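Asker: Below is the structure I would like to discuss, written out as structure tokens.
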Amino acid sequence: MQRVLKFTKYLRDFNWEPVIYTVSNGEFPEVDNSLIAEIPPGIEVIKTKIWEPYSWYKLLTGKSQKEGIRRSNIKLGKDISILESISIWVRGNLFIPDTRCFWIKPSVSFLINKLKQEKFDAVISTGPPHSNHLIGYNLAKKTGIPWLADFRDPWTTMDYYKDFKLTRFADKKHHLLESKILLSASAVIVVGKLMQDEFESKGAQRVELITNGFDESDFEDAQILDTDFTLVHVGSFFKRRNPDALWKAIAQLKKINHPLLQHLKVKLIGRIDPFVLASIDQNDIGEFFEQIPFKPHNEVIKFLNSAQILLLPIDDFEGSRWVLTGKLFEYMASKRPVLCIGPTDGDAAMVIKETGIGETFAFDNQNGLFNYLIKKHDLYLVNELEREKNADVTKYSRRELTRKLAQLLDEI
């Protein structure tokens, strides 16, 4: 959502007028009304209704109809009920490519009429949900309009793809649809270098890298750092990104009664998977943690600006090297050191090293994290805990990234 919003905010600076097509209803994990103020005045926003199967899912699993659906609500793995297992199978095998698939045909019909009435120069589809790309594909096929397919995440190599209990038929259909998008779009846009390599290996003729970024205007307030030695994480904290080695390093510091524990506070802002909380309890370090519920984006920025260190755990799964989470770029803008836990040869690690904004440790590097905390605490005590002075993040500003998007639109 941030990516689309910021492109919309700055496209006019480069002689493109965006028109947004989206749903008038639908399931969202969170709603942040503070961001409405960032929509440029006069932008045309078209909304149509969508039918999604989540009301059936809630009825089947006994959830409240008012409860928002998020990835952590849909349990994966061994410890799930028969009804949960059935619902996951249905989700993966009957709703292809995703639960927004019932929006495709009515959207194509609606937008073809719109294109007949008004002149548009290009279409951008952004996914997931990948149903959006199928809307873009059909519009381009039926009208010949230039079309960009913007992938914020991969498709068949996404971390939870294998958890949907796919039949051979469903798996084949996902791959065929993915290939159809990659081979048909005027250009494909991706957020990371390794995803670019993947899509090129699958035959896409033109794959352009436009990462996520940060909006400088969001970070104009003066910084007032926490008095505690704080590690701050913002956003959903899923089971797969649980940094067990970090928790063990803190437990090790507790075992030797290290002085830094007098100042340590780990702030987790947003929704936290129960597995993560259980892992913290198992390491007997709960007293050093503060849980803060979901906050609007403008309030989240204050936590980023005041943190001593920003915590960036990467999801631990087979394809974790390509993960380049959007929050990394907002961490950039905060000018605070970033502690990343994930593949040291992954996209996130490469960006962190290139910009000099922090350090990356492997998932199991408990000893490295132990020494890192001690080293950074020593700097904190003398008010010298900063990131590298030569850190240059200019090219990751939202405006500069939108410039790249506009240039690509000009070309197609």
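Chains: A, B, ... in order of the structure tokens. Residues: from 1 per chain. Ligands: from 1, in order shown.
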Can you pull out every residue from segment 126-260 of chain A that DSSP, working from the backbone, puts in alpha helix (DSSP H), and format the result as JSON, numbers by chain?

Answerer: {"A": [131, 132, 133, 134, 135, 136, 137, 138, 139, 140, 141, 142, 143, 168, 169, 170, 171, 172, 173, 174, 175, 176, 177, 178, 179, 180, 181, 182, 183, 184, 193, 194, 195, 196, 197, 198, 199, 200, 201, 244, 245, 246, 247, 248, 249, 250, 251, 252, 253, 254, 255]}

Asker: Contacts of Glu200 of chain A at 12 Å or less, counting only C-alpha atoms, minus same-chain residues fewer than 6 places along, as an mmCIF file with C-alpha atoms, in the first residue's frame?

Answerer:
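around-v6.cif, written as the output of this step:
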```
data_model
loop_
_atom_site.group_PDB
_atom_site.id
_atom_site.type_symbol
_atom_site.label_atom_id
_atom_site.label_comp_id
_atom_site.auth_asym_id
_atom_site.auth_seq_id
_atom_site.Cartn_x
_atom_site.Cartn_y
_atom_site.Cartn_z
ATOM 1 C CA SER A 179 4.621 -17.342 -16.829
ATOM 2 C CA LEU A 182 6.016 -12.454 -17.101
ATOM 3 C CA LEU A 183 6.026 -13.116 -20.849
ATOM 4 C CA ALA A 187 7.822 -4.643 -18.646
ATOM 5 C CA VAL A 188 7.942 -6.299 -15.240
ATOM 6 C CA ILE A 189 8.949 -4.325 -12.155
ATOM 7 C CA VAL A 190 10.445 -5.981 -9.066
ATOM 8 C CA LYS A 193 17.843 -7.931 -7.410
ATOM 9 C CA LEU A 194 17.373 -11.640 -6.707
ATOM 10 C CA ARG A 206 12.336 -6.927 -19.557
ATOM 11 C CA VAL A 207 12.579 -6.863 -15.754
ATOM 12 C CA GLU A 208 13.309 -3.506 -14.146
ATOM 13 C CA LEU A 209 14.407 -3.043 -10.531
#
```

Asker: So that I can see what lies close to Lys105 of chain A, please list as a list in words the residues with an atom at most 12 Å from it, counting only C-alpha atoms and leaving out residues fewer than 6 positions away in the same chain.

Answerer: Ile50, Trp51, Leu111, Ile112, Ser131, Asn132, Leu134, Ile135, Gly136, Tyr137, Asn138 and Leu139 of chain A

Asker: Go ahead and write the selection's residues with C-alpha atoms as a compact mmCIF listing (two decimals), in the first residue's frame.

Answerer:
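Result file is result.txt:
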```txt
# COMPACT_ATOMS: atom_id res chain seq x y z
CA ILE A 50 -15.49 -7.35 -4.67
CA TRP A 51 -16.73 -10.68 -3.37
CA LEU A 111 -12.25 -1.08 -17.20
CA ILE A 112 -12.60 -1.88 -20.90
CA SER A 131 -5.34 -11.31 -9.48
CA ASN A 132 -4.48 -7.67 -10.20
CA LEU A 134 -4.54 -10.94 -14.52
CA ILE A 135 -6.71 -7.83 -14.79
CA GLY A 136 -3.76 -5.99 -16.36
CA TYR A 137 -3.05 -8.92 -18.70
CA ASN A 138 -6.63 -9.02 -19.99
CA LEU A 139 -6.79 -5.27 -20.49
```

Asker: Which is closest to Ser109 of chain A among A:Pro129, A:Lys180, A:Lys142, A:Glu400, if we use only C-alpha atoms?

Answerer: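 Smallest distance to Ser109 of chain A is found for A:Lys142.
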
Asker: Please provide as a list in words all residues within 7 Å of segment 11-15 of chain A, with the sequence filter that same-chain residues fewer than 5 positions apart are discarded (counting only C-alpha atoms).

Answerer: Thr402, Arg403 and Ala406 of chain A

Asker: I'd like a table as a Markdown table: residues in segment 252-343 of chain A with an atom no more than 10 Å from segment 19-43 of chain A, each row giving the shortest atom pair and its distance in Å to one decimal, only C-alpha atoms counted, sorted by chain and rising residue number.

Answerer:
```
| residue | atom | partner | partner_atom | distance |
| --- | --- | --- | --- | --- |
| A:Phe294 | CA | A:Glu30 | CA | 8.4 |
| A:Lys295 | CA | A:Asp32 | CA | 8.2 |
| A:Pro296 | CA | A:Asp32 | CA | 5.5 |
| A:His297 | CA | A:Ser34 | CA | 7.1 |
| A:Asn298 | CA | A:Ser34 | CA | 7.2 |
| A:Glu299 | CA | A:Ser34 | CA | 9.5 |
```

Asker: Which residues come within 9 Å of Ile145 of chain A, counting only C-alpha atoms, excluding same-chain residues fewer than 5 positions away, as a ChimeraX atom specification?

Answerer: /A:120-123,139-140

Asker: Measuring atom to atom with only C-alpha atoms, identify which of A:Ile88, A:Ile269, A:Ile314, A:Ile374 is nearest to Asp159 of chain A.

Answerer: A:Ile314

Asker: Which residues are close to Leu339 of chain A, i.e. within 12 Å by only C-alpha atoms, leaving aside same-chain residues fewer than 2 positions away? Reply as a PyMOL selection string.

Answerer: chain A and resi 230-233+243+246+307-314+328+331-332+336-337+341-342+344+348-349+352-353+356-363+368-369+372-373+376+387

Asker: Write down as JSON, numbers by chain the residues belonging to segment 46-188 of chain A that are assigned strand (DSSP E or B) by DSSP computed on the backbone.

Answerer: {"A": [46, 47, 48, 123, 124, 125, 126, 127, 147, 148, 149, 150, 151, 187, 188]}

Asker: Include C-alpha atoms and write out the residues we just selected as a PDB file, in the first residue's frame.

Answerer:
```pdb
ATOM      1  CA  ILE A  46     -12.498   4.444  -8.922  1.00  0.00           C
ATOM      2  CA  LYS A  47     -13.920   1.758  -6.635  1.00  0.00           C
ATOM      3  CA  THR A  48     -16.020  -1.311  -7.403  1.00  0.00           C
ATOM      4  CA  VAL A 123      -1.831   0.468 -17.102  1.00  0.00           C
ATOM      5  CA  ILE A 124       0.096  -0.617 -13.991  1.00  0.00           C
ATOM      6  CA  SER A 125      -0.978  -3.700 -12.045  1.00  0.00           C
ATOM      7  CA  THR A 126       0.567  -4.274  -8.633  1.00  0.00           C
ATOM      8  CA  GLY A 127       0.580  -7.537  -6.744  1.00  0.00           C
ATOM      9  CA  TRP A 147       1.113  -2.571 -19.332  1.00  0.00           C
ATOM     10  CA  LEU A 148       3.561  -2.717 -16.419  1.00  0.00           C
ATOM     11  CA  ALA A 149       3.303  -5.609 -13.934  1.00  0.00           C
ATOM     12  CA  ASP A 150       4.684  -4.498 -10.562  1.00  0.00           C
ATOM     13  CA  PHE A 151       5.649  -7.412  -8.272  1.00  0.00           C
ATOM     14  CA  ALA A 187       7.822  -4.643 -18.646  1.00  0.00           C
ATOM     15  CA  VAL A 188       7.942  -6.299 -15.240  1.00  0.00           C
TER      16      VAL A 188
END
```

Asker: So which residues touch Phe229 of chain A within 12 Å, counting only C-alpha atoms, skipping near sequence neighbours fewer than 6 positions away, as a tab-separated table (two decimals) with N, CA and C atoms, in the first residue's frame?

Answerer:
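Result went into around-v8.tsv, see below:
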```tsv
chain	number	residue	atom	x	y	z
A	259	PRO	N	26.09	-5.52	32.53
A	259	PRO	CA	25.55	-4.19	32.86
A	259	PRO	C	24.59	-3.60	31.83
A	260	LEU	N	24.71	-4.02	30.56
A	260	LEU	CA	23.83	-3.41	29.54
A	260	LEU	C	22.37	-3.72	29.80
A	261	LEU	N	22.08	-4.78	30.56
A	261	LEU	CA	20.70	-5.14	30.84
A	261	LEU	C	20.00	-4.09	31.70
A	262	GLN	N	20.78	-3.25	32.37
A	262	GLN	CA	20.19	-2.16	33.15
A	262	GLN	C	19.53	-1.12	32.25
A	263	HIS	N	19.96	-1.08	30.99
A	263	HIS	CA	19.45	-0.08	30.05
A	263	HIS	C	18.62	-0.68	28.91
A	264	LEU	N	18.70	-1.99	28.70
A	264	LEU	CA	18.10	-2.63	27.53
A	264	LEU	C	16.58	-2.61	27.57
A	265	LYS	N	15.99	-2.25	26.44
A	265	LYS	CA	14.55	-2.38	26.23
A	265	LYS	C	14.30	-2.71	24.76
A	266	VAL	N	13.57	-3.79	24.52
A	266	VAL	CA	13.22	-4.19	23.16
A	266	VAL	C	11.75	-3.85	22.93
A	267	LYS	N	11.49	-2.93	22.00
A	267	LYS	CA	10.12	-2.49	21.71
A	267	LYS	C	9.62	-3.18	20.44
A	288	PHE	N	12.61	-7.52	29.54
A	288	PHE	CA	13.30	-6.51	28.72
A	288	PHE	C	12.45	-6.06	27.52
A	289	PHE	N	11.22	-6.55	27.42
A	289	PHE	CA	10.39	-6.29	26.25
A	289	PHE	C	9.20	-5.40	26.57
A	306	SER	N	13.34	7.70	17.28
A	306	SER	CA	13.85	7.73	18.66
A	306	SER	C	14.63	6.48	19.04
A	307	ALA	N	14.63	5.46	18.20
A	307	ALA	CA	15.28	4.19	18.53
A	307	ALA	C	16.80	4.34	18.61
A	308	GLN	N	17.41	3.62	19.52
A	308	GLN	CA	18.87	3.53	19.51
A	308	GLN	C	19.33	2.61	18.38
A	309	ILE	N	18.64	1.46	18.25
A	309	ILE	CA	18.93	0.51	17.17
A	309	ILE	C	17.61	0.01	16.60
A	310	LEU	N	17.56	-0.16	15.28
A	310	LEU	CA	16.36	-0.69	14.63
A	310	LEU	C	16.57	-2.15	14.27
A	373	LEU	N	25.79	-6.54	20.59
A	373	LEU	CA	25.06	-5.80	21.62
A	373	LEU	C	26.00	-5.13	22.61
A	374	ILE	N	27.05	-5.84	22.99
A	374	ILE	CA	28.02	-5.26	23.92
A	374	ILE	C	28.72	-4.07	23.29
A	376	LYS	N	27.72	-2.13	20.79
A	376	LYS	CA	26.82	-1.00	20.59
A	376	LYS	C	26.44	-0.35	21.92
A	377	HIS	N	26.34	-1.14	22.97
A	377	HIS	CA	26.03	-0.56	24.29
A	377	HIS	C	27.17	0.32	24.77
A	378	ASP	N	28.40	-0.08	24.49
A	378	ASP	CA	29.56	0.75	24.87
A	378	ASP	C	29.48	2.11	24.17
A	379	LEU	N	29.09	2.12	22.91
A	379	LEU	CA	28.94	3.39	22.18
A	379	LEU	C	27.76	4.19	22.72
A	380	TYR	N	26.68	3.51	23.07
A	380	TYR	CA	25.51	4.17	23.65
A	380	TYR	C	25.88	4.91	24.94
A	381	LEU	N	26.74	4.31	25.76
A	381	LEU	CA	27.10	4.92	27.05
A	381	LEU	C	27.83	6.25	26.88
A	382	VAL	N	28.53	6.41	25.75
A	382	VAL	CA	29.28	7.66	25.52
A	382	VAL	C	28.62	8.51	24.42
A	383	ASN	N	27.33	8.23	24.17
A	383	ASN	CA	26.55	9.01	23.18
A	383	ASN	C	27.17	9.01	21.79
A	385	LEU	N	26.56	6.23	19.59
A	385	LEU	CA	25.90	5.16	18.83
A	385	LEU	C	25.23	5.77	17.60
```

Asker: Using Å and a single decimal, report how far atom CA of Pro53 of chain A sits from atom CA of Ser85 of chain A.

Answerer: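 Separation of atom CA of Ser85 of chain A and atom CA of Pro53 of chain A: 15.8 Å.
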